[in-house]
Every structure is written in C-alpha cells, then in structure tokens.
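Okay, structure first, notes after.
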Amino acid sequence: MKTPNNTRQYTVALCGNPNSGKTTIFNGLAGTHQKTGNWPGVTVERKEGSFWIGNKLIRLIDLPGAYSFSYSSVDEQVAIDFLVYQKPDVAVVVVDSSNLSRSLYLVVQLLELRVPVLLDLNMIDIARNVGIHINKNELEAVLGIATVETVGHKKIGIPELKQKIIDMVESTQSIDFHINYQREIEEAVNVIVPKVSPHFPDFPPRWLTLQLLEGNASFLTKIKDKQVLRLI
C-alpha cells in the first residue's frame, strides 16, 4: 500500500496493569498489521502495530504491564521509560473494569505527567455480571478524560475506541489535572518545586516533585546525577 503524501503519523501507547486484557485490545486495533521484536538492551518483547483512518497512520506500541511509575521489574521499567521519555501522543490505559480502583493510580500519574490519556474500560461484561456499575459520565467528569467500554476478546467497542483515539490525536485541548494531597505533602511540594524545575524543563515540576517524595528510585538516580538533591 502506497503511503499518501499528506500522511500524518501519531504514536499511541497501550498500557495498563497486567491481566487487564491489553493484548486483546491491541490485536483488535492492529489486526494483522503487527510486528514483534525486543526492546533495545533487554529481552523484553516489543510489539508494534498500526491502523489507518483517512490520512492518519496510528502507530501502536503495546507496552508491558505496569502498575505505577515506581517499577519493580525490567518489564515495568520498559513501559514506564517509554511513557516518560518517548512521550506518546496518546496513552490508552486498558483497565479491568471489575477492579477499576487498582488501575487508577497509573492513570493519575500519567495525567500528572500531562500525558493525554484515554481510558479503556475493558472486560465491562465481567464487571456487569458481578453487579459493578461504572458511572462513565461521572468518571469522565472527575478525571477530565474520555472513556470507552470494551470487551476485548469479542472485539466489542473496538470501532468506538479507534474513533476516540483519532479524536484525541486531533485535539488541541490541554491537560489540566490536579489533586490536592494532604497538607504536609502540599507544603513539601511548594518548597521543592521551585528548586527542581529549572534543572528539568522537560518535566512538569509538580509531577517530578511527587515522584521524588514517593522515593521513586529511577528519578532519584537521575536527580543525584545532576546533583540537585543538594538544593532540596
């Protein structure tokens, strides 16, 4: 297939907790347009796919499962490093709808990083079968993001998910997400933010400060390399 001259290409990362059905969503979106390999320097499998809508080429990256930015395995590190340093145009967070609360921590961290997030409420049939009802409109209002309901292994909701991805890559809406944490945390954030922000212009200073307060080993190492900890 010849690539149109006016092609616009976007990178979309599929991420989420392990066992959220992420791979079935990836297969539904990419179909046969997939390739596999390894991530550079590690033996973790890298899966890429794509789909077209009009002149837009959506490049899909199926990231290894991860619970949060405080990773504890090489697989999780691969996923988080991609989200933080490669900065995808959209992060589709695939969640197990029957265990939504466990997945929202990663969603919040991505929003604090100012990554555009599309929430995929996967396995919605299982949630309903056990009596769980998710108020989709209220969830969207609280988080300020779009959501889609899917049943990955039956390919239910995949067309809607594709359209939401297109809507998001075309959107110019800025991310305005903020959680007020307890008083002690907010006081520490206010002290640290102005000290670290000049040294890391590529990161939202509040997000970086929260990572430091959590003791995120990856970012602490990078901070130490720049000798910024002395300033805090």
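Going by the structure tokens order, chains are called A, B, ..., each with residues numbered from 1, while ligands are numbered from 1 in the order shown.
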For the structure I just gave you, how does DSSP split segment 146-217 of chain A - specifically, which residues are helix (DSSP H, G or I)? Reply as a tab-separated table (two decimals) with N, CA and C atoms, in the first residue's frame.
```
chain	number	residue	atom	x	y	z
A	152	GLY	N	-12.63	-6.93	24.99
A	152	GLY	CA	-11.55	-7.13	24.04
A	152	GLY	C	-11.62	-8.43	23.26
A	153	HIS	N	-11.88	-9.55	23.95
A	153	HIS	CA	-11.82	-10.84	23.27
A	153	HIS	C	-12.98	-11.04	22.30
A	154	LYS	N	-14.02	-10.19	22.41
A	154	LYS	CA	-15.14	-10.24	21.47
A	154	LYS	C	-15.10	-9.07	20.48
A	158	ILE	N	-14.30	-1.87	19.85
A	158	ILE	CA	-13.06	-1.52	19.14
A	158	ILE	C	-13.27	-0.38	18.15
A	159	PRO	N	-14.36	-0.37	17.34
A	159	PRO	CA	-14.56	0.79	16.45
A	159	PRO	C	-14.67	2.11	17.21
A	160	GLU	N	-15.38	2.09	18.35
A	160	GLU	CA	-15.51	3.30	19.16
A	160	GLU	C	-14.15	3.73	19.72
A	161	LEU	N	-13.34	2.74	20.12
A	161	LEU	CA	-12.02	3.05	20.65
A	161	LEU	C	-11.14	3.69	19.57
A	162	LYS	N	-11.19	3.16	18.36
A	162	LYS	CA	-10.42	3.75	17.25
A	162	LYS	C	-10.84	5.21	17.03
A	163	GLN	N	-12.14	5.45	17.03
A	163	GLN	CA	-12.61	6.81	16.79
A	163	GLN	C	-12.18	7.75	17.91
A	164	LYS	N	-12.22	7.28	19.16
A	164	LYS	CA	-11.78	8.12	20.28
A	164	LYS	C	-10.29	8.45	20.17
A	165	ILE	N	-9.50	7.48	19.71
A	165	ILE	CA	-8.07	7.72	19.52
A	165	ILE	C	-7.87	8.83	18.50
A	166	ILE	N	-8.59	8.76	17.39
A	166	ILE	CA	-8.49	9.80	16.36
A	166	ILE	C	-8.92	11.15	16.92
A	167	ASP	N	-10.02	11.17	17.66
A	167	ASP	CA	-10.48	12.42	18.27
A	167	ASP	C	-9.40	13.03	19.15
A	168	MET	N	-8.69	12.18	19.89
A	168	MET	CA	-7.69	12.68	20.82
A	168	MET	C	-6.44	13.18	20.12
A	169	VAL	N	-5.97	12.47	19.10
A	169	VAL	CA	-4.75	12.94	18.43
A	169	VAL	C	-5.00	14.23	17.68
A	170	GLU	N	-6.26	14.48	17.33
A	170	GLU	CA	-6.60	15.73	16.65
A	170	GLU	C	-6.90	16.87	17.62
A	183	ARG	N	-2.02	18.13	53.69
A	183	ARG	CA	-1.33	19.40	53.90
A	183	ARG	C	0.19	19.25	53.91
A	184	GLU	N	0.72	18.22	54.58
A	184	GLU	CA	2.17	18.05	54.68
A	184	GLU	C	2.79	17.83	53.30
A	185	ILE	N	2.10	17.08	52.46
A	185	ILE	CA	2.63	16.82	51.12
A	185	ILE	C	2.62	18.10	50.30
A	186	GLU	N	1.52	18.84	50.37
A	186	GLU	CA	1.43	20.08	49.59
A	186	GLU	C	2.48	21.10	50.04
A	187	GLU	N	2.75	21.14	51.32
A	187	GLU	CA	3.79	22.06	51.82
A	187	GLU	C	5.16	21.67	51.28
A	188	ALA	N	5.44	20.37	51.26
A	188	ALA	CA	6.72	19.89	50.73
A	188	ALA	C	6.82	20.17	49.23
A	189	VAL	N	5.72	19.96	48.51
A	189	VAL	CA	5.71	20.25	47.07
A	189	VAL	C	6.02	21.71	46.81
A	190	ASN	N	5.42	22.59	47.56
A	190	ASN	CA	5.63	24.03	47.36
A	190	ASN	C	7.08	24.44	47.60
A	191	VAL	N	7.76	23.73	48.50
A	191	VAL	CA	9.16	24.04	48.79
A	191	VAL	C	10.08	23.49	47.69
A	192	ILE	N	9.79	22.26	47.22
A	192	ILE	CA	10.70	21.57	46.30
A	192	ILE	C	10.55	22.01	44.86
A	193	VAL	N	9.33	22.28	44.43
A	193	VAL	CA	9.08	22.60	43.01
A	193	VAL	C	10.00	23.68	42.46
A	194	PRO	N	10.13	24.85	43.10
A	194	PRO	CA	10.98	25.88	42.50
A	194	PRO	C	12.47	25.52	42.48
A	195	LYS	N	12.87	24.52	43.29
A	195	LYS	CA	14.27	24.13	43.33
A	195	LYS	C	14.64	23.14	42.24
A	196	VAL	N	13.67	22.30	41.84
A	196	VAL	CA	13.98	21.29	40.81
A	196	VAL	C	13.58	21.72	39.41
A	197	SER	N	12.58	22.58	39.30
A	197	SER	CA	12.04	22.91	37.97
A	197	SER	C	13.06	23.50	37.01
A	198	PRO	N	14.03	24.36	37.44
A	198	PRO	CA	14.99	24.89	36.47
A	198	PRO	C	15.91	23.83	35.88
A	199	HIS	N	16.09	22.73	36.59
A	199	HIS	CA	17.04	21.70	36.16
A	199	HIS	C	16.39	20.65	35.26
A	205	PRO	N	7.03	20.19	36.81
A	205	PRO	CA	7.75	20.20	38.10
A	205	PRO	C	6.96	19.58	39.25
A	206	ARG	N	5.66	19.74	39.23
A	206	ARG	CA	4.87	19.14	40.32
A	206	ARG	C	4.92	17.62	40.23
A	207	TRP	N	4.79	17.08	39.02
A	207	TRP	CA	4.87	15.63	38.84
A	207	TRP	C	6.22	15.10	39.29
A	208	LEU	N	7.30	15.76	38.88
A	208	LEU	CA	8.63	15.30	39.25
A	208	LEU	C	8.83	15.35	40.77
A	209	THR	N	8.32	16.39	41.39
A	209	THR	CA	8.44	16.52	42.83
A	209	THR	C	7.69	15.39	43.55
A	210	LEU	N	6.52	15.06	43.07
A	210	LEU	CA	5.75	13.96	43.67
A	210	LEU	C	6.49	12.63	43.52
A	211	GLN	N	7.18	12.44	42.37
A	211	GLN	CA	7.97	11.22	42.20
A	211	GLN	C	9.11	11.17	43.22
A	212	LEU	N	9.73	12.29	43.46
A	212	LEU	CA	10.82	12.35	44.45
A	212	LEU	C	10.30	12.05	45.85
A	213	LEU	N	9.14	12.62	46.19
A	213	LEU	CA	8.58	12.40	47.51
A	213	LEU	C	8.16	10.94	47.71
A	214	GLU	N	7.81	10.27	46.63
A	214	GLU	CA	7.47	8.85	46.72
A	214	GLU	C	8.71	7.98	46.84
A	217	ALA	N	12.99	5.31	42.71
A	217	ALA	CA	14.42	5.07	42.58
A	217	ALA	C	14.98	5.56	41.26
```
What's the 7 Å shell around Ile145 of chain A, counting only C-alpha atoms, without same-chain residues fewer than 5 positions away, as a PyMOL selection string? chain A and resi 117-118+140
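Residues with any atom within 6 Å of segment 90-97 of chain A, counting only C-alpha atoms and excluding same-chain neighbours fewer than 5 positions away, are Val12, Ala13, Leu14, Cys15, Gly16, Ser20, Lys22, Pro116, Val117, Leu118, Leu119, Asp120, Leu121, Asn122, Met123, Ile124 and Ala127 of chain A.
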For those residues, write C-alpha atoms to a file as a PDB file, in the first residue's frame.
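New file out-v8.pdb:
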```
ATOM      1  CA  VAL A  12      -0.279   5.669  20.681  1.00  0.00           C
ATOM      2  CA  ALA A  13       0.886   3.611  23.672  1.00  0.00           C
ATOM      3  CA  LEU A  14      -1.294   0.853  25.085  1.00  0.00           C
ATOM      4  CA  CYS A  15      -0.566   0.448  28.769  1.00  0.00           C
ATOM      5  CA  GLY A  16      -2.166  -0.836  31.922  1.00  0.00           C
ATOM      6  CA  SER A  20      -6.172  -6.166  32.045  1.00  0.00           C
ATOM      7  CA  LYS A  22      -4.445  -5.167  26.954  1.00  0.00           C
ATOM      8  CA  PRO A 116      -3.080  12.653  27.080  1.00  0.00           C
ATOM      9  CA  VAL A 117      -4.951   9.648  28.477  1.00  0.00           C
ATOM     10  CA  LEU A 118      -7.813   7.642  27.003  1.00  0.00           C
ATOM     11  CA  LEU A 119      -9.329   5.224  29.500  1.00  0.00           C
ATOM     12  CA  ASP A 120     -10.439   1.858  28.110  1.00  0.00           C
ATOM     13  CA  LEU A 121     -12.911   0.190  30.456  1.00  0.00           C
ATOM     14  CA  ASN A 122     -12.190  -3.335  29.278  1.00  0.00           C
ATOM     15  CA  MET A 123     -13.947  -6.500  30.482  1.00  0.00           C
ATOM     16  CA  ILE A 124     -17.034  -4.372  31.066  1.00  0.00           C
ATOM     17  CA  ALA A 127     -17.980  -6.078  35.782  1.00  0.00           C
TER      18      ALA A 127
END
```
Using only C-alpha atoms, the best pick from A:Ser70, A:Thr11, A:Thr147, A:Asn6 as closest to Gln86 of chain A would be A:Thr11
May I have the residues within 12 Å of Gly144 of chain A as number ranges by chain, using only C-alpha atoms and disregarding those fewer than 3 positions away in the same chain? A: 107-108, 111-112, 114, 116-119, 136-141, 147, 173-178
Hey, which of A:Ile126, A:Ser68, A:Thr36, A:Ile134 ends up closest to Leu110 of chain A? Count only C-alpha atoms.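 Among A:Ile126, A:Ser68, A:Thr36, A:Ile134, it is A:Ser68 that comes nearest to Leu110 of chain A.
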Between A:Ser50, A:Val78, A:Asp125, A:Ile132, single out the one closest to Ile156 of chain A, counting only C-alpha atoms. A:Asp125
Selected residue of minimal separation from Lys87 of chain A among A:Tyr181, A:Phe69, A:Trp52, A:Phe203, counting only C-alpha atoms: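 Closest candidate: A:Phe203.
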Step one, run DSSP on the backbone; step two, keep only residues of segment 68-180 of chain A assigned to strand (DSSP E); then write them as a list in words.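 Restricting segment 68-180 of chain A to strand (DSSP E) produces Val90, Ala91, Val92, Val93, Val94, Val95, Asp96, Val117, Leu118, Leu119, Asp120, Leu121, Asn122, Ala146, Thr147, Val148 and Glu149 of chain A.
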Counting only C-alpha atoms, which residue out of A:Asn99, A:Asn216, A:Gln109, A:Ser73 sits closest to His133 of chain A?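 Between A:Asn99, A:Asn216, A:Gln109, A:Ser73, the residue approaching His133 of chain A most closely is A:Asn99.
Minimum distance to Leu60 of chain A across A:Ser72, A:Gln9, A:Ser98, A:Asn17 (counting only C-alpha atoms) occurs at A:Gln9.
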